[in-house]
Protein chains: 2
Amino acid sequence: MRVVKTVKQLRLIIDGLRRKGRTIGFIPTMGYLHEGHLSLVRRCRQECDVTVVSIYVNPKQFGPHEDLQRYPRDIGRDSTMLKKENIDILFIPSDNAVYSSGYLTYIDVENVSRALCGAFRPGHFRGVATVVAKLLNMVQPHALYLGQKDAQQVAVLKRMAADLNFPVAVRTVPTMREADGLAMSSRNVYLSAAHRAQAPVIYKSLVAVRRCIRQGERRSATLVAMIKRNIESNSEGKIQYVACVDAESLEPLKTLRHRVLIAVAVFFGTTRLIDNVIVLIKN
Amino acid sequence: MRVVKTVKQLRLIIDGLRRKGRTIGFIPTMGYLHEGHLSLVRRCRQECDVTVVSIYVNPKQFGPHEDLQRYPRDIGRDSTMLKKENIDILFIPSDNAVYSSGYLTYIDVENVSRALCGAFRPGHFRGVATVVAKLLNMVQPHALYLGQKDAQQVAVLKRMAADLNFPVAVRTVPTMREADGLAMSSRNVYLSAAHRAQAPVIYKSLVAVRRCIRQGERRSATLVAMIKRNIESNSEGKIQYVACVDAESLEPLKTLRHRVLIAVAVFFGTTRLIDNVIVLIKN
């Protein structure tokens, strides 16, 4: 595993690899890795000649009152985990390697960025789209691996990659979960013991509505109400949103059809957890 | 010269060329070519193994009341001219090859896009930055050639390429002029005979202020007034703006310093002409 810290050095290595005809797979992360990230790494290792992982806590995707400063970081641990996975390149750029002074350029994916989390985190997906476009131009991968846990991020980045004709295939990898169903997230470490014990209610409520849909329920409002009731009556979680939307456009659905994303954001104390399921409606 | 009409076909060819280690140069145009475009082509042919020219009248960079519909087009003539220049690839995508239905992604280069022409053409440089980012991802060139006539376009695209880490070198080529000094532009065909005869006053006024600067004048306001007076008293041209700005950031200057862009936009009838000079201030 080579650890690379500058864009210049990365470009040199990538140019060499591409000239040799190697396929390059890329996993952008904010570090503090867990099994979810590693599942992306393993998928990439299966499909590409070269696996590149970046660790960069992107300040442009945090709002002024969000957790940029306290976002968990442990480069030593991350780097040991990635070495064990036999990745080829670990890219850890510094802040001023990513955003030079006088930085002015932003990428906006309209509509898709405004739904769900975007409504509560203005500018968040602009920051995500911008940094990922930059990383794509730095790494020049053939494939980009994203976790389905961040469903809106997937929708925004797929749209961006297609709209801007990035020569990259976007691959989505299923959400990894703890034994009790809680979606893995670097933010889970913030949870108190009591909240950690209650948090699996989120996924349980999603599984319950998925069962309901399989039994024929198609009304969005009914399903949303079920999830809210389930979470509110079984935990101290404060719901930020529950939504049934088209999985690609993220447009709200009254009646479920095609590929439906059912997405939830819940606060446990000051910790915001998100989770989702995608359900395919056949009739 | 291969004429390519789809992104898919272009990608296949480009992938082959890059695998062979060829350097690719790219000139994006809106067609209706003149010697200005050809000077970019010739520079590219000197510096790169492969020369790619695109012709695409990008609807996203025209305002609702601008000349998208009547913008001059003559693909037959353009293609004969480019064949004579021995270019390798002429890329002529259709509108729906460029913007698929459900298109949502836009690139904004803040500040630099708002100055000069940007103040009068809201959204124009957003359209330019977006289409050029798309074309860069389609063509994947090593070098991008731009004409200095569109000075703000150069500033916006250089900033965008640097900010988003596009792996491309941006090269600027001096403005080509008619014998009487008028900057070549596809829009010159709109001019009446009388206005065509008066239009060289624009460049004459720029040359006059450049002389003044060389003689020691450093006050922006004095130079701007000189240009306005010169154009207004010697033609029917209606000035949209005259500005002395930093050539890179496009920030207004009270006192000239470093690299100064002196830029003018003038209407002759309904035809808007732009021109500029860059002056290096040594003390």
# chains A, B, ... in the order shown; residues from 1 in each chain; ligands from 1
$ interface_residues --of "chain B" --to "chain A" --cutoff "6 Å" --atoms "only C-alpha atoms" --output "list of chain:residue names"
B:Leu104, B:Thr105, B:Tyr106, B:Ile107, B:Asp108, B:Val109, B:Glu110, B:Lys134, B:Asn137, B:Met160, B:Leu164, B:Asn165, B:Phe166
$ write_last_selection --atoms "all heavy atoms" --output "compact mmCIF listing (two decimals), in the first residue's frame"
# COMPACT_ATOMS: atom_id res chain seq x y z
N LEU B 104 -29.56 17.95 -14.80
CA LEU B 104 -29.70 18.75 -13.57
C LEU B 104 -28.42 19.41 -13.06
O LEU B 104 -28.47 20.14 -12.08
CB LEU B 104 -30.21 17.84 -12.44
CG LEU B 104 -31.65 17.34 -12.51
CD1 LEU B 104 -31.90 16.31 -11.41
CD2 LEU B 104 -32.63 18.50 -12.40
N THR B 105 -27.27 19.14 -13.67
CA THR B 105 -26.00 19.51 -13.04
C THR B 105 -25.36 20.75 -13.66
O THR B 105 -25.21 20.82 -14.88
CB THR B 105 -25.02 18.32 -13.11
OG1 THR B 105 -25.66 17.17 -12.56
CG2 THR B 105 -23.74 18.61 -12.35
N TYR B 106 -24.99 21.70 -12.80
CA TYR B 106 -24.40 22.95 -13.27
C TYR B 106 -23.16 23.30 -12.48
O TYR B 106 -23.09 23.05 -11.28
CB TYR B 106 -25.43 24.09 -13.18
CG TYR B 106 -26.58 23.82 -14.12
CD1 TYR B 106 -27.72 23.16 -13.68
CD2 TYR B 106 -26.46 24.13 -15.48
CE1 TYR B 106 -28.74 22.84 -14.56
CE2 TYR B 106 -27.49 23.81 -16.36
CZ TYR B 106 -28.61 23.17 -15.90
OH TYR B 106 -29.60 22.85 -16.78
N ILE B 107 -22.20 23.92 -13.19
CA ILE B 107 -20.96 24.32 -12.54
C ILE B 107 -20.91 25.83 -12.46
O ILE B 107 -21.09 26.52 -13.48
CB ILE B 107 -19.75 23.78 -13.32
CG1 ILE B 107 -19.77 22.26 -13.27
CG2 ILE B 107 -18.44 24.33 -12.73
CD1 ILE B 107 -18.62 21.60 -13.97
N ASP B 108 -20.70 26.32 -11.27
CA ASP B 108 -20.66 27.75 -11.04
C ASP B 108 -19.26 28.15 -10.57
O ASP B 108 -18.77 27.60 -9.59
CB ASP B 108 -21.71 28.11 -9.98
CG ASP B 108 -21.88 29.61 -9.85
OD1 ASP B 108 -21.56 30.35 -10.81
OD2 ASP B 108 -22.32 30.05 -8.78
N VAL B 109 -18.64 29.07 -11.30
CA VAL B 109 -17.37 29.63 -10.86
C VAL B 109 -17.71 31.00 -10.29
O VAL B 109 -17.99 31.95 -11.03
CB VAL B 109 -16.36 29.74 -12.02
CG1 VAL B 109 -15.02 30.29 -11.52
CG2 VAL B 109 -16.17 28.38 -12.69
N GLU B 110 -17.75 31.08 -8.96
CA GLU B 110 -18.22 32.31 -8.31
C GLU B 110 -17.30 33.50 -8.62
O GLU B 110 -16.17 33.31 -9.05
CB GLU B 110 -18.32 32.08 -6.79
CG GLU B 110 -19.34 31.01 -6.45
CD GLU B 110 -19.49 30.77 -4.95
OE1 GLU B 110 -18.61 31.20 -4.19
OE2 GLU B 110 -20.49 30.14 -4.56
N LYS B 134 -18.20 19.17 -19.39
CA LYS B 134 -18.74 17.99 -20.06
C LYS B 134 -17.82 17.60 -21.23
O LYS B 134 -17.46 16.42 -21.38
CB LYS B 134 -20.15 18.26 -20.57
CG LYS B 134 -21.22 18.29 -19.45
CD LYS B 134 -22.56 18.83 -19.95
CE LYS B 134 -23.22 17.95 -20.97
NZ LYS B 134 -23.55 16.58 -20.53
N ASN B 137 -14.66 16.00 -20.18
CA ASN B 137 -14.84 14.60 -19.78
C ASN B 137 -15.11 13.69 -20.98
O ASN B 137 -14.83 12.51 -20.93
CB ASN B 137 -15.98 14.48 -18.78
CG ASN B 137 -15.53 14.85 -17.37
OD1 ASN B 137 -14.34 14.80 -17.06
ND2 ASN B 137 -16.47 15.23 -16.53
N MET B 160 -11.91 27.17 -13.33
CA MET B 160 -12.65 25.92 -13.20
C MET B 160 -11.71 24.71 -13.33
O MET B 160 -11.76 23.78 -12.53
CB MET B 160 -13.75 25.79 -14.24
CG MET B 160 -14.47 24.45 -14.12
SD MET B 160 -15.58 24.08 -15.50
CE MET B 160 -14.40 23.58 -16.76
N LEU B 164 -11.30 22.35 -10.12
CA LEU B 164 -11.84 20.98 -10.17
C LEU B 164 -10.77 19.95 -10.53
O LEU B 164 -11.07 18.78 -10.77
CB LEU B 164 -13.03 20.90 -11.13
CG LEU B 164 -14.28 21.68 -10.71
CD1 LEU B 164 -15.42 21.44 -11.69
CD2 LEU B 164 -14.74 21.30 -9.30
N ASN B 165 -9.51 20.38 -10.60
CA ASN B 165 -8.39 19.45 -10.85
C ASN B 165 -8.52 18.69 -12.16
O ASN B 165 -8.11 17.52 -12.24
CB ASN B 165 -8.26 18.44 -9.69
CG ASN B 165 -8.15 19.11 -8.34
OD1 ASN B 165 -9.15 19.35 -7.68
ND2 ASN B 165 -6.95 19.45 -7.94
N PHE B 166 -9.09 19.32 -13.19
CA PHE B 166 -9.11 18.64 -14.49
C PHE B 166 -7.66 18.41 -14.92
O PHE B 166 -6.84 19.33 -14.86
CB PHE B 166 -9.85 19.49 -15.54
CG PHE B 166 -11.33 19.27 -15.52
CD1 PHE B 166 -12.16 20.18 -14.89
CD2 PHE B 166 -11.89 18.15 -16.12
CE1 PHE B 166 -13.53 19.98 -14.85
CE2 PHE B 166 -13.25 17.95 -16.09
CZ PHE B 166 -14.08 18.86 -15.46
$ residues_around --residues "Lys84 of chain A" --least-positions-apart "6" --cutoff "12 Å" --atoms "only C-alpha atoms" --output "ChimeraX atom specification"
/A:1,38,41-42,77-78
$ write_last_selection --atoms "N, CA, C and O atoms" --output "mmCIF file, in the first residue's frame"
data_model
loop_
_atom_site.group_PDB
_atom_site.id
_atom_site.type_symbol
_atom_site.label_atom_id
_atom_site.label_comp_id
_atom_site.auth_asym_id
_atom_site.auth_seq_id
_atom_site.Cartn_x
_atom_site.Cartn_y
_atom_site.Cartn_z
ATOM 1 N N MET A 1 0.842 -1.206 0.000
ATOM 2 C CA MET A 1 0.000 0.000 0.000
ATOM 3 C C MET A 1 0.876 1.255 0.000
ATOM 4 O O MET A 1 1.692 1.438 0.899
ATOM 5 N N LEU A 38 -15.175 -1.200 4.281
ATOM 6 C CA LEU A 38 -14.385 -2.357 3.849
ATOM 7 C C LEU A 38 -15.145 -3.195 2.821
ATOM 8 O O LEU A 38 -14.530 -3.800 1.936
ATOM 9 N N VAL A 41 -14.352 -1.636 -0.362
ATOM 10 C CA VAL A 41 -12.972 -1.969 -0.722
ATOM 11 C C VAL A 41 -12.909 -3.371 -1.330
ATOM 12 O O VAL A 41 -12.293 -3.591 -2.377
ATOM 13 N N ARG A 42 -13.602 -4.319 -0.674
ATOM 14 C CA ARG A 42 -13.533 -5.717 -1.149
ATOM 15 C C ARG A 42 -14.184 -5.863 -2.522
ATOM 16 O O ARG A 42 -13.663 -6.555 -3.396
ATOM 17 N N ARG A 77 -5.384 3.927 12.668
ATOM 18 C CA ARG A 77 -6.244 2.741 12.645
ATOM 19 C C ARG A 77 -6.748 2.476 11.217
ATOM 20 O O ARG A 77 -6.717 1.340 10.729
ATOM 21 N N ASP A 78 -7.215 3.545 10.544
ATOM 22 C CA ASP A 78 -7.711 3.397 9.168
ATOM 23 C C ASP A 78 -6.647 2.776 8.283
ATOM 24 O O ASP A 78 -6.922 1.868 7.489
#
$ residues_around --residues "Val266 of chain B" --least-positions-apart "4" --cutoff "8 Å" --atoms "only C-alpha atoms" --output "MDAnalysis selection string"
chainID B and resid 202 237:241 272:274
$ write_last_selection --atoms "all heavy atoms" --output "mmCIF file, in the first residue's frame"
data_model
loop_
_atom_site.group_PDB
_atom_site.id
_atom_site.type_symbol
_atom_site.label_atom_id
_atom_site.label_comp_id
_atom_site.auth_asym_id
_atom_site.auth_seq_id
_atom_site.Cartn_x
_atom_site.Cartn_y
_atom_site.Cartn_z
ATOM 1 N N ILE B 202 -13.232 50.223 -31.615
ATOM 2 C CA ILE B 202 -13.091 49.534 -30.322
ATOM 3 C C ILE B 202 -11.608 49.229 -30.070
ATOM 4 O O ILE B 202 -11.038 49.617 -29.051
ATOM 5 C CB ILE B 202 -13.911 48.227 -30.282
ATOM 6 C CG1 ILE B 202 -15.395 48.504 -30.528
ATOM 7 C CG2 ILE B 202 -13.721 47.512 -28.940
ATOM 8 C CD1 ILE B 202 -16.235 47.245 -30.700
ATOM 9 N N GLY B 237 -21.628 53.312 -31.776
ATOM 10 C CA GLY B 237 -21.572 52.243 -30.767
ATOM 11 C C GLY B 237 -22.117 52.694 -29.421
ATOM 12 O O GLY B 237 -21.840 53.802 -28.968
ATOM 13 N N LYS B 238 -22.947 51.822 -28.818
ATOM 14 C CA LYS B 238 -23.461 52.095 -27.465
ATOM 15 C C LYS B 238 -22.689 51.195 -26.496
ATOM 16 O O LYS B 238 -22.773 49.967 -26.576
ATOM 17 C CB LYS B 238 -24.957 51.756 -27.360
ATOM 18 C CG LYS B 238 -25.828 52.485 -28.365
ATOM 19 C CD LYS B 238 -26.348 53.808 -27.813
ATOM 20 C CE LYS B 238 -27.148 54.581 -28.865
ATOM 21 N NZ LYS B 238 -26.304 55.594 -29.593
ATOM 22 N N ILE B 239 -21.978 51.839 -25.587
ATOM 23 C CA ILE B 239 -21.121 51.068 -24.684
ATOM 24 C C ILE B 239 -21.930 50.328 -23.631
ATOM 25 O O ILE B 239 -22.806 50.907 -22.994
ATOM 26 C CB ILE B 239 -20.096 52.008 -24.023
ATOM 27 C CG1 ILE B 239 -19.083 52.442 -25.098
ATOM 28 C CG2 ILE B 239 -19.389 51.345 -22.846
ATOM 29 C CD1 ILE B 239 -18.177 53.552 -24.683
ATOM 30 N N GLN B 240 -21.653 49.021 -23.473
ATOM 31 C CA GLN B 240 -22.266 48.285 -22.360
ATOM 32 C C GLN B 240 -21.367 48.388 -21.134
ATOM 33 O O GLN B 240 -21.828 48.722 -20.058
ATOM 34 C CB GLN B 240 -22.503 46.818 -22.728
ATOM 35 C CG GLN B 240 -23.276 46.077 -21.654
ATOM 36 C CD GLN B 240 -23.601 44.648 -22.045
ATOM 37 O OE1 GLN B 240 -22.719 43.841 -22.290
ATOM 38 N NE2 GLN B 240 -24.877 44.336 -22.123
ATOM 39 N N TYR B 241 -20.087 48.109 -21.310
ATOM 40 C CA TYR B 241 -19.156 48.348 -20.213
ATOM 41 C C TYR B 241 -17.748 48.553 -20.752
ATOM 42 O O TYR B 241 -17.401 48.089 -21.839
ATOM 43 C CB TYR B 241 -19.166 47.217 -19.170
ATOM 44 C CG TYR B 241 -18.567 45.916 -19.639
ATOM 45 C CD1 TYR B 241 -17.175 45.739 -19.675
ATOM 46 C CD2 TYR B 241 -19.372 44.870 -20.051
ATOM 47 C CE1 TYR B 241 -16.618 44.548 -20.126
ATOM 48 C CE2 TYR B 241 -18.823 43.675 -20.503
ATOM 49 C CZ TYR B 241 -17.453 43.529 -20.547
ATOM 50 O OH TYR B 241 -16.898 42.359 -20.990
ATOM 51 N N ARG B 272 -23.691 42.756 -30.341
ATOM 52 C CA ARG B 272 -22.822 43.049 -29.212
ATOM 53 C C ARG B 272 -21.418 42.560 -29.554
ATOM 54 O O ARG B 272 -21.210 41.387 -29.861
ATOM 55 C CB ARG B 272 -23.371 42.304 -27.996
ATOM 56 C CG ARG B 272 -22.723 42.617 -26.679
ATOM 57 C CD ARG B 272 -23.507 41.914 -25.566
ATOM 58 N NE ARG B 272 -22.813 42.001 -24.300
ATOM 59 C CZ ARG B 272 -21.804 41.228 -23.945
ATOM 60 N NH1 ARG B 272 -21.374 40.297 -24.767
ATOM 61 N NH2 ARG B 272 -21.214 41.376 -22.762
ATOM 62 N N LEU B 273 -20.463 43.480 -29.520
ATOM 63 C CA LEU B 273 -19.075 43.116 -29.806
ATOM 64 C C LEU B 273 -18.259 43.262 -28.532
ATOM 65 O O LEU B 273 -18.483 44.187 -27.741
ATOM 66 C CB LEU B 273 -18.502 44.031 -30.894
ATOM 67 C CG LEU B 273 -19.222 44.006 -32.249
ATOM 68 C CD1 LEU B 273 -18.560 44.982 -33.223
ATOM 69 C CD2 LEU B 273 -19.248 42.597 -32.845
ATOM 70 N N ILE B 274 -17.308 42.351 -28.339
ATOM 71 C CA ILE B 274 -16.402 42.484 -27.201
ATOM 72 C C ILE B 274 -14.965 42.467 -27.694
ATOM 73 O O ILE B 274 -14.668 41.947 -28.776
ATOM 74 C CB ILE B 274 -16.583 41.358 -26.137
ATOM 75 C CG1 ILE B 274 -16.360 39.968 -26.760
ATOM 76 C CG2 ILE B 274 -17.924 41.453 -25.455
ATOM 77 C CD1 ILE B 274 -16.351 38.846 -25.744
#
